[in-house]
Amino acid sequence: MSTEPVRPLIDPQRVEDALAGLGDRAGIDEWAQRFSVVADPSRLTLLVCIHYAKEICVSDLAVAARMTDTAVSQALRLLRAHGLVTAHRSGRVVRYRLTDTTVHDLIHRVRPHSDTPDGK
């Protein structure tokens, strides 16, 4: 039972549409958590680097992102925990790749692919 007072609605159909669009609140909470993980500039840098490399190991990723191996490893642990990247072992080398298609699409908006080397 809600304790909120009943408020008059200007357009009940729009309120109904907005509520239908929200869907399950747990889904909103889950995406808010994922976006908070992506909102960190270092982690976003790693995601962009992984996206363009397709697969990359920690040491190469650290060079590309200008971070230490330790910082990259810690960030990747969090990104893996949130299902944004996955690891693939090839012999002694572990390579990381994106697993989340929504993050893939987001990266295209943050840093769109270009057809020319100068990005124009």
# chains A, B, ... in the order shown; residues from 1 in each chain; ligands from 1
call {"tool": "residues_around", "arguments": {"residues": "His108 of chain A", "least_positions_apart": "5", "cutoff": "10 Å", "atoms": "only C-alpha atoms", "output": "CSV table (one decimal) with all heavy atoms, in the first residue's frame"}}
result
chain,number,residue,atom,x,y,z
A,48,VAL,N,37.3,1.2,-24.4
A,48,VAL,CA,37.5,1.7,-25.8
A,48,VAL,C,38.7,1.0,-26.4
A,48,VAL,O,38.6,0.6,-27.6
A,48,VAL,CB,37.7,3.3,-25.8
A,48,VAL,CG1,38.1,3.8,-27.2
A,48,VAL,CG2,36.4,4.0,-25.4
A,51,HIS,N,37.8,-2.5,-27.3
A,51,HIS,CA,36.8,-2.5,-28.4
A,51,HIS,C,37.6,-2.4,-29.7
A,51,HIS,O,37.4,-3.2,-30.6
A,51,HIS,CB,35.9,-1.3,-28.3
A,51,HIS,CG,35.1,-1.0,-29.5
A,51,HIS,ND1,34.0,-1.8,-29.8
A,51,HIS,CD2,35.2,-0.1,-30.5
A,51,HIS,CE1,33.5,-1.4,-31.0
A,51,HIS,NE2,34.2,-0.4,-31.4
A,102,THR,N,25.6,-3.6,-25.6
A,102,THR,CA,25.2,-2.3,-25.3
A,102,THR,C,26.5,-1.4,-25.1
A,102,THR,O,26.5,-0.2,-25.6
A,102,THR,CB,24.3,-2.2,-24.1
A,102,THR,OG1,23.2,-3.1,-24.3
A,102,THR,CG2,23.8,-0.8,-23.8
A,103,VAL,N,27.5,-1.9,-24.5
A,103,VAL,CA,28.7,-1.1,-24.3
A,103,VAL,C,29.4,-0.9,-25.6
A,103,VAL,O,29.9,0.1,-25.9
A,103,VAL,CB,29.6,-1.8,-23.2
A,103,VAL,CG1,31.0,-1.1,-23.2
A,103,VAL,CG2,29.0,-1.7,-21.9
A,113,HIS,N,33.8,5.1,-35.1
A,113,HIS,CA,34.8,4.6,-36.1
A,113,HIS,C,34.9,5.7,-37.2
A,113,HIS,O,33.9,6.3,-37.6
A,113,HIS,CB,34.3,3.3,-36.8
A,113,HIS,CG,34.4,2.2,-35.9
A,113,HIS,ND1,35.6,1.6,-35.6
A,113,HIS,CD2,33.5,1.4,-35.2
A,113,HIS,CE1,35.4,0.5,-34.8
A,113,HIS,NE2,34.2,0.4,-34.5
call {"tool": "select_by_dssp", "arguments": {"residues": "chain A", "states": "alpha helix (DSSP H)", "output": "compact mmCIF listing (two decimals) with all heavy atoms, in the first residue's frame"}}
result
# COMPACT_ATOMS: atom_id res chain seq x y z
N PRO A 12 -2.87 11.18 -18.28
CA PRO A 12 -2.74 9.83 -17.72
C PRO A 12 -2.12 8.82 -18.69
O PRO A 12 -1.37 7.95 -18.28
CB PRO A 12 -4.17 9.43 -17.37
CG PRO A 12 -4.92 10.71 -17.28
CD PRO A 12 -4.24 11.67 -18.19
N GLN A 13 -2.41 8.96 -19.99
CA GLN A 13 -1.86 8.01 -20.96
C GLN A 13 -0.33 8.11 -21.02
O GLN A 13 0.37 7.11 -21.12
CB GLN A 13 -2.45 8.24 -22.36
CG GLN A 13 -1.97 7.22 -23.39
CD GLN A 13 -2.30 5.78 -23.00
OE1 GLN A 13 -3.44 5.47 -22.66
NE2 GLN A 13 -1.30 4.90 -23.02
N ARG A 14 0.21 9.32 -20.93
CA ARG A 14 1.66 9.49 -20.95
C ARG A 14 2.30 8.90 -19.69
O ARG A 14 3.39 8.33 -19.74
CB ARG A 14 2.03 10.95 -21.11
CG ARG A 14 1.70 11.46 -22.50
CD ARG A 14 2.26 12.85 -22.72
NE ARG A 14 1.73 13.41 -23.94
CZ ARG A 14 2.34 13.37 -25.11
NH1 ARG A 14 3.51 12.77 -25.21
NH2 ARG A 14 1.80 13.92 -26.18
N VAL A 15 1.63 9.05 -18.57
CA VAL A 15 2.13 8.45 -17.32
C VAL A 15 2.13 6.93 -17.48
O VAL A 15 3.12 6.26 -17.13
CB VAL A 15 1.27 8.88 -16.11
CG1 VAL A 15 1.66 8.09 -14.87
CG2 VAL A 15 1.40 10.37 -15.88
N GLU A 16 1.07 6.38 -18.02
CA GLU A 16 0.98 4.94 -18.24
C GLU A 16 2.08 4.46 -19.19
O GLU A 16 2.73 3.44 -18.95
CB GLU A 16 -0.40 4.61 -18.82
CG GLU A 16 -0.76 3.15 -18.74
CD GLU A 16 -2.21 2.93 -19.17
OE1 GLU A 16 -3.12 3.57 -18.60
OE2 GLU A 16 -2.40 2.09 -20.07
N ASP A 17 2.33 5.21 -20.27
CA ASP A 17 3.38 4.87 -21.23
C ASP A 17 4.77 4.92 -20.56
O ASP A 17 5.61 4.06 -20.80
CB ASP A 17 3.36 5.82 -22.43
CG ASP A 17 2.12 5.64 -23.30
OD1 ASP A 17 1.41 4.61 -23.15
OD2 ASP A 17 1.85 6.56 -24.11
N ALA A 18 4.99 5.94 -19.74
CA ALA A 18 6.26 6.08 -19.04
C ALA A 18 6.49 4.90 -18.10
O ALA A 18 7.59 4.34 -18.04
CB ALA A 18 6.32 7.40 -18.27
N LEU A 19 5.47 4.51 -17.36
CA LEU A 19 5.58 3.38 -16.44
C LEU A 19 5.81 2.08 -17.19
O LEU A 19 6.62 1.24 -16.75
CB LEU A 19 4.33 3.29 -15.57
CG LEU A 19 4.18 4.37 -14.50
CD1 LEU A 19 2.79 4.33 -13.87
CD2 LEU A 19 5.26 4.24 -13.46
N ALA A 20 5.14 1.90 -18.32
CA ALA A 20 5.33 0.69 -19.12
C ALA A 20 6.77 0.65 -19.65
O ALA A 20 7.39 -0.42 -19.70
CB ALA A 20 4.33 0.65 -20.28
N GLY A 21 7.30 1.80 -20.04
CA GLY A 21 8.67 1.86 -20.55
C GLY A 21 9.70 1.55 -19.48
O GLY A 21 10.76 0.98 -19.77
N LEU A 22 9.41 1.92 -18.24
CA LEU A 22 10.34 1.63 -17.14
C LEU A 22 10.49 0.14 -16.92
O LEU A 22 11.57 -0.36 -16.65
CB LEU A 22 9.84 2.27 -15.84
CG LEU A 22 10.29 3.67 -15.55
CD1 LEU A 22 9.64 4.17 -14.27
CD2 LEU A 22 11.79 3.77 -15.45
N ARG A 25 11.91 -2.40 -12.18
CA ARG A 25 12.84 -1.46 -11.54
C ARG A 25 14.21 -2.11 -11.29
O ARG A 25 15.23 -1.43 -11.26
CB ARG A 25 12.28 -0.94 -10.21
CG ARG A 25 10.98 -0.19 -10.33
CD ARG A 25 11.21 1.22 -10.81
NE ARG A 25 9.92 1.88 -11.00
CZ ARG A 25 9.70 3.13 -10.74
NH1 ARG A 25 10.66 3.90 -10.29
NH2 ARG A 25 8.52 3.64 -10.95
N ALA A 26 14.23 -3.41 -11.13
CA ALA A 26 15.52 -4.10 -10.92
C ALA A 26 16.41 -3.94 -12.15
O ALA A 26 17.63 -3.81 -12.03
CB ALA A 26 15.29 -5.57 -10.61
N GLY A 27 15.82 -3.95 -13.32
CA GLY A 27 16.58 -3.74 -14.55
C GLY A 27 17.19 -2.35 -14.60
O GLY A 27 18.34 -2.17 -15.02
N ILE A 28 16.46 -1.35 -14.14
CA ILE A 28 16.97 0.02 -14.08
C ILE A 28 18.15 0.09 -13.11
O ILE A 28 19.18 0.68 -13.41
CB ILE A 28 15.86 1.01 -13.64
CG1 ILE A 28 14.73 1.05 -14.68
CG2 ILE A 28 16.44 2.38 -13.37
CD1 ILE A 28 15.11 1.69 -15.99
N ASP A 29 17.99 -0.55 -11.96
CA ASP A 29 19.08 -0.57 -10.96
C ASP A 29 20.33 -1.24 -11.52
O ASP A 29 21.44 -0.76 -11.31
CB ASP A 29 18.62 -1.27 -9.68
CG ASP A 29 17.55 -0.50 -8.93
OD1 ASP A 29 17.37 0.70 -9.20
OD2 ASP A 29 16.88 -1.11 -8.07
N GLU A 30 20.13 -2.35 -12.23
CA GLU A 30 21.27 -3.08 -12.80
C GLU A 30 22.02 -2.21 -13.82
O GLU A 30 23.24 -2.14 -13.79
CB GLU A 30 20.77 -4.36 -13.48
CG GLU A 30 21.87 -5.14 -14.16
CD GLU A 30 21.32 -6.33 -14.93
OE1 GLU A 30 20.27 -6.88 -14.55
OE2 GLU A 30 21.96 -6.71 -15.92
N TRP A 31 21.28 -1.53 -14.68
CA TRP A 31 21.93 -0.68 -15.69
C TRP A 31 22.57 0.54 -15.05
O TRP A 31 23.62 1.00 -15.51
CB TRP A 31 20.96 -0.31 -16.80
CG TRP A 31 20.96 -1.39 -17.83
CD1 TRP A 31 20.00 -2.34 -18.03
CD2 TRP A 31 22.01 -1.69 -18.75
NE1 TRP A 31 20.39 -3.20 -19.02
CE2 TRP A 31 21.62 -2.82 -19.48
CE3 TRP A 31 23.25 -1.12 -19.00
CZ2 TRP A 31 22.42 -3.38 -20.47
CZ3 TRP A 31 24.05 -1.68 -19.99
CH2 TRP A 31 23.63 -2.79 -20.71
N ALA A 32 21.99 1.06 -14.01
CA ALA A 32 22.60 2.20 -13.31
C ALA A 32 23.95 1.78 -12.74
O ALA A 32 24.93 2.53 -12.82
CB ALA A 32 21.69 2.71 -12.21
N GLN A 33 24.03 0.57 -12.20
CA GLN A 33 25.31 0.05 -11.69
C GLN A 33 26.32 -0.10 -12.81
O GLN A 33 27.48 0.27 -12.67
CB GLN A 33 25.11 -1.30 -11.01
CG GLN A 33 24.72 -1.22 -9.58
CD GLN A 33 24.79 -2.60 -8.94
OE1 GLN A 33 24.52 -3.61 -9.56
NE2 GLN A 33 25.17 -2.62 -7.68
N ARG A 34 25.88 -0.66 -13.94
CA ARG A 34 26.79 -0.85 -15.07
C ARG A 34 27.29 0.49 -15.59
O ARG A 34 28.47 0.63 -15.92
CB ARG A 34 26.09 -1.62 -16.18
CG ARG A 34 25.81 -3.05 -15.77
CD ARG A 34 25.07 -3.76 -16.82
NE ARG A 34 25.96 -4.78 -17.35
CZ ARG A 34 25.66 -5.54 -18.36
NH1 ARG A 34 24.52 -5.40 -18.98
NH2 ARG A 34 26.50 -6.45 -18.77
N PHE A 35 26.40 1.46 -15.69
CA PHE A 35 26.82 2.77 -16.18
C PHE A 35 27.77 3.45 -15.19
O PHE A 35 28.67 4.18 -15.60
CB PHE A 35 25.63 3.67 -16.49
CG PHE A 35 24.94 3.31 -17.79
CD1 PHE A 35 23.58 3.13 -17.84
CD2 PHE A 35 25.66 3.16 -18.97
CE1 PHE A 35 22.94 2.81 -19.04
CE2 PHE A 35 25.05 2.84 -20.17
CZ PHE A 35 23.68 2.65 -20.20
N SER A 36 27.60 3.20 -13.90
CA SER A 36 28.53 3.79 -12.93
C SER A 36 29.92 3.19 -13.10
O SER A 36 30.92 3.87 -12.92
CB SER A 36 28.02 3.61 -11.50
OG SER A 36 28.13 2.26 -11.08
N VAL A 37 29.99 1.93 -13.49
CA VAL A 37 31.28 1.29 -13.75
C VAL A 37 31.92 1.92 -14.99
O VAL A 37 33.11 2.23 -15.01
CB VAL A 37 31.11 -0.24 -13.94
CG1 VAL A 37 32.38 -0.88 -14.45
CG2 VAL A 37 30.67 -0.88 -12.64
N VAL A 38 31.13 2.14 -16.02
CA VAL A 38 31.63 2.71 -17.27
C VAL A 38 31.96 4.20 -17.13
O VAL A 38 32.77 4.73 -17.87
CB VAL A 38 30.58 2.49 -18.40
CG1 VAL A 38 30.99 3.17 -19.68
CG2 VAL A 38 30.38 1.00 -18.64
N PRO A 41 36.69 7.35 -16.02
CA PRO A 41 37.51 7.58 -17.23
C PRO A 41 38.54 6.48 -17.51
O PRO A 41 38.76 6.12 -18.67
CB PRO A 41 38.21 8.92 -16.95
CG PRO A 41 37.35 9.60 -15.95
CD PRO A 41 36.75 8.51 -15.12
N SER A 42 39.17 5.94 -16.49
CA SER A 42 40.15 4.87 -16.71
C SER A 42 39.49 3.61 -17.25
O SER A 42 39.99 2.99 -18.20
CB SER A 42 40.88 4.54 -15.41
OG SER A 42 41.64 5.64 -14.98
N ARG A 43 38.38 3.24 -16.66
CA ARG A 43 37.68 2.03 -17.13
C ARG A 43 37.11 2.24 -18.52
O ARG A 43 37.15 1.33 -19.36
CB ARG A 43 36.62 1.61 -16.13
CG ARG A 43 37.22 1.10 -14.83
CD ARG A 43 36.19 0.50 -13.90
NE ARG A 43 35.23 1.45 -13.40
CZ ARG A 43 35.28 2.01 -12.20
NH1 ARG A 43 36.26 1.73 -11.37
NH2 ARG A 43 34.34 2.85 -11.82
N LEU A 44 36.60 3.43 -18.80
CA LEU A 44 36.09 3.72 -20.13
C LEU A 44 37.23 3.67 -21.15
O LEU A 44 37.06 3.14 -22.26
CB LEU A 44 35.37 5.07 -20.17
CG LEU A 44 34.75 5.45 -21.52
CD1 LEU A 44 33.76 4.39 -22.00
CD2 LEU A 44 34.06 6.80 -21.40
N THR A 45 38.39 4.19 -20.78
CA THR A 45 39.56 4.11 -21.65
C THR A 45 39.88 2.66 -21.98
O THR A 45 40.13 2.31 -23.15
CB THR A 45 40.77 4.78 -20.98
OG1 THR A 45 40.49 6.17 -20.80
CG2 THR A 45 42.05 4.61 -21.80
N LEU A 46 39.86 1.81 -20.98
CA LEU A 46 40.15 0.39 -21.21
C LEU A 46 39.11 -0.23 -22.13
O LEU A 46 39.46 -0.99 -23.05
CB LEU A 46 40.20 -0.37 -19.88
CG LEU A 46 41.32 0.02 -18.93
CD1 LEU A 46 41.20 -0.74 -17.62
CD2 LEU A 46 42.68 -0.20 -19.58
N LEU A 47 37.85 0.09 -21.92
CA LEU A 47 36.80 -0.47 -22.77
C LEU A 47 36.96 -0.02 -24.22
O LEU A 47 36.80 -0.82 -25.15
CB LEU A 47 35.42 -0.07 -22.24
CG LEU A 47 35.00 -0.73 -20.93
CD1 LEU A 47 33.74 -0.08 -20.38
CD2 LEU A 47 34.82 -2.23 -21.11
N VAL A 48 37.30 1.25 -24.43
CA VAL A 48 37.52 1.75 -25.79
C VAL A 48 38.71 1.03 -26.43
O VAL A 48 38.65 0.59 -27.58
CB VAL A 48 37.70 3.28 -25.81
CG1 VAL A 48 38.15 3.77 -27.17
CG2 VAL A 48 36.40 3.98 -25.40
N CYS A 49 39.80 0.90 -25.68
CA CYS A 49 40.98 0.20 -26.20
C CYS A 49 40.65 -1.25 -26.55
O CYS A 49 41.04 -1.75 -27.62
CB CYS A 49 42.13 0.24 -25.18
SG CYS A 49 42.89 1.86 -24.99
N ILE A 50 39.95 -1.93 -25.68
CA ILE A 50 39.57 -3.33 -25.94
C ILE A 50 38.69 -3.40 -27.17
O ILE A 50 38.85 -4.28 -28.03
CB ILE A 50 38.87 -3.95 -24.71
CG1 ILE A 50 39.86 -4.08 -23.55
CG2 ILE A 50 38.29 -5.32 -25.07
CD1 ILE A 50 39.21 -4.40 -22.22
N HIS A 51 37.76 -2.49 -27.27
CA HIS A 51 36.85 -2.47 -28.42
C HIS A 51 37.62 -2.41 -29.74
O HIS A 51 37.35 -3.18 -30.65
CB HIS A 51 35.89 -1.28 -28.29
CG HIS A 51 35.08 -1.04 -29.51
ND1 HIS A 51 34.00 -1.82 -29.83
CD2 HIS A 51 35.19 -0.12 -30.50
CE1 HIS A 51 33.47 -1.39 -30.97
NE2 HIS A 51 34.18 -0.35 -31.38
N TYR A 52 38.56 -1.49 -29.84
CA TYR A 52 39.29 -1.32 -31.08
C TYR A 52 40.33 -2.42 -31.31
O TYR A 52 40.61 -2.76 -32.46
CB TYR A 52 39.94 0.06 -31.15
CG TYR A 52 38.91 1.10 -31.49
CD1 TYR A 52 38.30 1.84 -30.49
CD2 TYR A 52 38.51 1.31 -32.80
CE1 TYR A 52 37.32 2.78 -30.79
CE2 TYR A 52 37.52 2.23 -33.11
CZ TYR A 52 36.94 2.97 -32.11
OH TYR A 52 35.96 3.88 -32.41
N ALA A 53 40.88 -2.99 -30.26
CA ALA A 53 41.85 -4.07 -30.40
C ALA A 53 41.17 -5.41 -30.66
O ALA A 53 41.81 -6.36 -31.09
CB ALA A 53 42.72 -4.16 -29.16
N VAL A 58 46.73 -7.88 -20.86
CA VAL A 58 46.87 -6.84 -19.83
C VAL A 58 48.06 -5.93 -20.11
O VAL A 58 47.94 -4.71 -20.06
CB VAL A 58 46.99 -7.46 -18.42
CG1 VAL A 58 47.38 -6.41 -17.39
CG2 VAL A 58 45.68 -8.12 -18.02
N SER A 59 49.23 -6.51 -20.40
CA SER A 59 50.42 -5.66 -20.57
C SER A 59 50.29 -4.75 -21.79
O SER A 59 50.67 -3.57 -21.73
CB SER A 59 51.68 -6.52 -20.66
OG SER A 59 51.58 -7.44 -21.72
N ASP A 60 49.74 -5.26 -22.89
CA ASP A 60 49.54 -4.41 -24.07
C ASP A 60 48.47 -3.36 -23.81
O ASP A 60 48.59 -2.21 -24.24
CB ASP A 60 49.15 -5.25 -25.28
CG ASP A 60 50.28 -6.13 -25.79
OD1 ASP A 60 51.44 -5.91 -25.37
OD2 ASP A 60 50.01 -7.03 -26.61
N LEU A 61 47.44 -3.75 -23.10
CA LEU A 61 46.37 -2.82 -22.75
C LEU A 61 46.90 -1.70 -21.86
O LEU A 61 46.55 -0.53 -22.02
CB LEU A 61 45.23 -3.57 -22.06
CG LEU A 61 43.96 -2.81 -21.74
CD1 LEU A 61 43.38 -2.12 -22.98
CD2 LEU A 61 42.93 -3.75 -21.14
N ALA A 62 47.79 -2.05 -20.93
CA ALA A 62 48.39 -1.05 -20.04
C ALA A 62 49.19 -0.02 -20.85
O ALA A 62 49.12 1.18 -20.57
CB ALA A 62 49.29 -1.73 -19.01
N VAL A 63 49.92 -0.47 -21.86
CA VAL A 63 50.68 0.45 -22.70
C VAL A 63 49.72 1.36 -23.47
O VAL A 63 49.90 2.58 -23.50
CB VAL A 63 51.60 -0.32 -23.68
CG1 VAL A 63 52.20 0.61 -24.72
CG2 VAL A 63 52.68 -1.06 -22.92
N ALA A 64 48.70 0.77 -24.08
CA ALA A 64 47.75 1.55 -24.88
C ALA A 64 47.01 2.58 -24.02
O ALA A 64 46.79 3.72 -24.46
CB ALA A 64 46.75 0.62 -25.56
N ALA A 65 46.64 2.20 -22.81
CA ALA A 65 45.86 3.08 -21.93
C ALA A 65 46.74 3.99 -21.08
O ALA A 65 46.22 4.83 -20.34
CB ALA A 65 44.97 2.24 -21.02
N ASP A 69 50.21 -2.10 -15.18
CA ASP A 69 49.60 -3.42 -15.30
C ASP A 69 48.66 -3.69 -14.13
O ASP A 69 47.59 -4.26 -14.29
CB ASP A 69 50.67 -4.52 -15.35
CG ASP A 69 51.43 -4.55 -16.67
OD1 ASP A 69 51.27 -3.62 -17.49
OD2 ASP A 69 52.20 -5.50 -16.87
N THR A 70 49.09 -3.28 -12.93
CA THR A 70 48.28 -3.50 -11.73
C THR A 70 46.95 -2.75 -11.81
O THR A 70 45.89 -3.32 -11.51
CB THR A 70 49.06 -3.05 -10.47
OG1 THR A 70 50.28 -3.78 -10.41
CG2 THR A 70 48.25 -3.29 -9.21
N ALA A 71 46.99 -1.50 -12.23
CA ALA A 71 45.76 -0.71 -12.34
C ALA A 71 44.82 -1.31 -13.39
O ALA A 71 43.60 -1.39 -13.18
CB ALA A 71 46.08 0.74 -12.69
N VAL A 72 45.40 -1.77 -14.49
CA VAL A 72 44.59 -2.40 -15.54
C VAL A 72 43.96 -3.68 -15.01
O VAL A 72 42.76 -3.93 -15.20
CB VAL A 72 45.44 -2.67 -16.81
CG1 VAL A 72 44.69 -3.56 -17.79
CG2 VAL A 72 45.84 -1.36 -17.47
N SER A 73 44.74 -4.51 -14.32
CA SER A 73 44.22 -5.77 -13.78
C SER A 73 43.07 -5.53 -12.81
O SER A 73 42.06 -6.23 -12.84
CB SER A 73 45.33 -6.55 -13.08
OG SER A 73 46.28 -6.98 -14.02
N GLN A 74 43.23 -4.54 -11.94
CA GLN A 74 42.17 -4.22 -10.97
C GLN A 74 40.91 -3.75 -11.69
O GLN A 74 39.80 -4.17 -11.34
CB GLN A 74 42.65 -3.17 -9.98
CG GLN A 74 43.68 -3.69 -9.02
CD GLN A 74 44.27 -2.60 -8.14
OE1 GLN A 74 44.07 -1.40 -8.36
NE2 GLN A 74 45.03 -3.01 -7.14
N ALA A 75 41.06 -2.90 -12.69
CA ALA A 75 39.91 -2.41 -13.43
C ALA A 75 39.24 -3.54 -14.20
O ALA A 75 38.00 -3.63 -14.24
CB ALA A 75 40.32 -1.29 -14.37
N LEU A 76 40.03 -4.40 -14.81
CA LEU A 76 39.47 -5.53 -15.56
C LEU A 76 38.70 -6.48 -14.64
O LEU A 76 37.67 -7.04 -15.05
CB LEU A 76 40.58 -6.30 -16.28
CG LEU A 76 41.16 -5.60 -17.50
CD1 LEU A 76 42.40 -6.34 -17.99
CD2 LEU A 76 40.13 -5.45 -18.60
N ARG A 77 39.17 -6.65 -13.43
CA ARG A 77 38.46 -7.49 -12.47
C ARG A 77 37.05 -6.96 -12.24
O ARG A 77 36.06 -7.70 -12.23
CB ARG A 77 39.25 -7.56 -11.16
CG ARG A 77 38.83 -8.65 -10.23
CD ARG A 77 39.73 -8.86 -9.02
NE ARG A 77 40.76 -7.87 -8.76
CZ ARG A 77 42.06 -8.02 -9.06
NH1 ARG A 77 42.49 -9.12 -9.63
NH2 ARG A 77 42.93 -7.07 -8.77
N LEU A 78 36.93 -5.63 -12.09
CA LEU A 78 35.62 -5.01 -11.90
C LEU A 78 34.77 -5.11 -13.17
O LEU A 78 33.57 -5.42 -13.11
CB LEU A 78 35.79 -3.55 -11.48
CG LEU A 78 34.52 -2.79 -11.14
CD1 LEU A 78 33.82 -3.40 -9.94
CD2 LEU A 78 34.84 -1.33 -10.88
N LEU A 79 35.38 -4.86 -14.31
CA LEU A 79 34.66 -4.95 -15.58
C LEU A 79 34.15 -6.37 -15.84
O LEU A 79 33.04 -6.55 -16.35
CB LEU A 79 35.54 -4.47 -16.73
CG LEU A 79 35.91 -2.98 -16.72
CD1 LEU A 79 36.97 -2.68 -17.77
CD2 LEU A 79 34.68 -2.11 -16.91
N ARG A 80 34.95 -7.35 -15.46
CA ARG A 80 34.51 -8.75 -15.60
C ARG A 80 33.36 -9.06 -14.64
O ARG A 80 32.40 -9.74 -15.00
CB ARG A 80 35.66 -9.71 -15.30
CG ARG A 80 36.61 -9.88 -16.46
CD ARG A 80 37.69 -10.87 -16.15
NE ARG A 80 37.14 -12.23 -16.22
CZ ARG A 80 37.84 -13.31 -15.97
NH1 ARG A 80 39.11 -13.23 -15.63
NH2 ARG A 80 37.29 -14.49 -16.06
N ALA A 81 33.46 -8.56 -13.42
CA ALA A 81 32.41 -8.81 -12.42
C ALA A 81 31.07 -8.26 -12.88
O ALA A 81 30.02 -8.80 -12.52
CB ALA A 81 32.81 -8.20 -11.08
N THR A 101 27.01 -6.04 -25.73
CA THR A 101 26.72 -5.33 -26.99
C THR A 101 26.27 -3.89 -26.75
O THR A 101 26.53 -3.03 -27.59
CB THR A 101 25.65 -6.08 -27.81
OG1 THR A 101 24.47 -6.23 -27.02
CG2 THR A 101 26.15 -7.44 -28.26
N THR A 102 25.65 -3.62 -25.63
CA THR A 102 25.23 -2.25 -25.35
C THR A 102 26.45 -1.36 -25.14
O THR A 102 26.48 -0.23 -25.61
CB THR A 102 24.31 -2.20 -24.11
OG1 THR A 102 23.20 -3.06 -24.34
CG2 THR A 102 23.82 -0.81 -23.84
N VAL A 103 27.47 -1.87 -24.46
CA VAL A 103 28.71 -1.11 -24.28
C VAL A 103 29.40 -0.92 -25.63
O VAL A 103 29.94 0.15 -25.92
CB VAL A 103 29.63 -1.78 -23.25
CG1 VAL A 103 30.99 -1.11 -23.20
CG2 VAL A 103 28.98 -1.74 -21.87
N HIS A 104 29.37 -1.94 -26.46
CA HIS A 104 29.92 -1.83 -27.81
C HIS A 104 29.25 -0.66 -28.55
O HIS A 104 29.93 0.18 -29.14
CB HIS A 104 29.71 -3.15 -28.56
CG HIS A 104 30.04 -3.11 -30.00
ND1 HIS A 104 31.32 -3.26 -30.47
CD2 HIS A 104 29.26 -2.93 -31.09
CE1 HIS A 104 31.31 -3.17 -31.79
NE2 HIS A 104 30.08 -2.98 -32.18
N ASP A 105 27.93 -0.61 -28.52
CA ASP A 105 27.20 0.48 -29.17
C ASP A 105 27.52 1.83 -28.53
O ASP A 105 27.65 2.84 -29.23
CB ASP A 105 25.69 0.22 -29.11
CG ASP A 105 25.27 -1.00 -29.92
OD1 ASP A 105 26.04 -1.42 -30.82
OD2 ASP A 105 24.18 -1.53 -29.66
N LEU A 106 27.64 1.85 -27.22
CA LEU A 106 27.98 3.09 -26.51
C LEU A 106 29.35 3.61 -26.95
O LEU A 106 29.52 4.82 -27.18
CB LEU A 106 27.96 2.85 -25.00
CG LEU A 106 28.34 4.03 -24.12
CD1 LEU A 106 27.32 5.16 -24.26
CD2 LEU A 106 28.45 3.59 -22.67
N ILE A 107 30.29 2.73 -27.11
CA ILE A 107 31.63 3.13 -27.53
C ILE A 107 31.59 3.76 -28.92
O ILE A 107 32.29 4.72 -29.20
CB ILE A 107 32.62 1.96 -27.45
CG1 ILE A 107 32.89 1.66 -25.97
CG2 ILE A 107 33.92 2.26 -28.19
CD1 ILE A 107 33.65 0.40 -25.72
N HIS A 108 30.73 3.24 -29.78
CA HIS A 108 30.59 3.84 -31.11
C HIS A 108 30.07 5.27 -31.01
O HIS A 108 30.37 6.09 -31.87
CB HIS A 108 29.67 3.00 -31.99
CG HIS A 108 30.38 1.84 -32.60
ND1 HIS A 108 31.16 1.93 -33.72
CD2 HIS A 108 30.46 0.54 -32.21
CE1 HIS A 108 31.67 0.76 -34.01
NE2 HIS A 108 31.26 -0.10 -33.10
N ARG A 109 29.34 5.57 -29.98
CA ARG A 109 28.86 6.95 -29.79
C ARG A 109 29.92 7.83 -29.14
O ARG A 109 30.03 8.99 -29.44
CB ARG A 109 27.59 6.94 -28.96
CG ARG A 109 26.46 6.18 -29.63
CD ARG A 109 25.14 6.78 -29.28
NE ARG A 109 24.06 6.02 -29.85
CZ ARG A 109 23.55 6.25 -31.06
NH1 ARG A 109 24.03 7.19 -31.81
NH2 ARG A 109 22.55 5.54 -31.51
N VAL A 110 30.68 7.24 -28.22
CA VAL A 110 31.74 7.98 -27.53
C VAL A 110 32.90 8.26 -28.47
O VAL A 110 33.44 9.35 -28.51
CB VAL A 110 32.24 7.18 -26.30
CG1 VAL A 110 33.49 7.80 -25.70
CG2 VAL A 110 31.15 7.06 -25.26
call {"tool": "residues_around", "arguments": {"residues": "segment 89-97 of chain A", "least_positions_apart": "4", "cutoff": "6 Å", "atoms": "only C-alpha atoms", "output": "JSON, numbers by chain"}}
result
{"A": [50, 54, 55, 56, 57, 85]}
call {"tool": "write_last_selection", "arguments": {"atoms": "N, CA and C atoms", "output": "PDB file, in the first residue's frame"}}
result
ATOM      1  N   ILE A  50      39.954  -1.931 -25.679  1.00  0.00           N
ATOM      2  CA  ILE A  50      39.573  -3.329 -25.941  1.00  0.00           C
ATOM      3  C   ILE A  50      38.686  -3.402 -27.173  1.00  0.00           C
ATOM      4  N   LYS A  54      39.905  -5.505 -30.370  1.00  0.00           N
ATOM      5  CA  LYS A  54      39.103  -6.740 -30.431  1.00  0.00           C
ATOM      6  C   LYS A  54      39.442  -7.682 -29.279  1.00  0.00           C
ATOM      7  N   GLU A  55      40.711  -8.035 -29.127  1.00  0.00           N
ATOM      8  CA  GLU A  55      41.225  -8.829 -28.006  1.00  0.00           C
ATOM      9  C   GLU A  55      42.594  -8.278 -27.666  1.00  0.00           C
ATOM     10  N   ILE A  56      42.897  -8.178 -26.366  1.00  0.00           N
ATOM     11  CA  ILE A  56      44.188  -7.613 -25.975  1.00  0.00           C
ATOM     12  C   ILE A  56      44.568  -8.114 -24.583  1.00  0.00           C
ATOM     13  N   CYS A  57      45.867  -8.322 -24.372  1.00  0.00           N
ATOM     14  CA  CYS A  57      46.341  -8.792 -23.065  1.00  0.00           C
ATOM     15  C   CYS A  57      46.593  -7.604 -22.136  1.00  0.00           C
ATOM     16  N   VAL A  85      33.396  -7.368 -19.827  1.00  0.00           N
ATOM     17  CA  VAL A  85      34.485  -7.998 -20.579  1.00  0.00           C
ATOM     18  C   VAL A  85      34.602  -9.454 -20.152  1.00  0.00           C
TER      19      VAL A  85
END
call {"tool": "select_by_dssp", "arguments": {"residues": "segment 4-120 of chain A", "states": "strand (DSSP E or B)", "output": "MDAnalysis selection string"}}
result
chainID A and resid 56:57 85:90 93:98
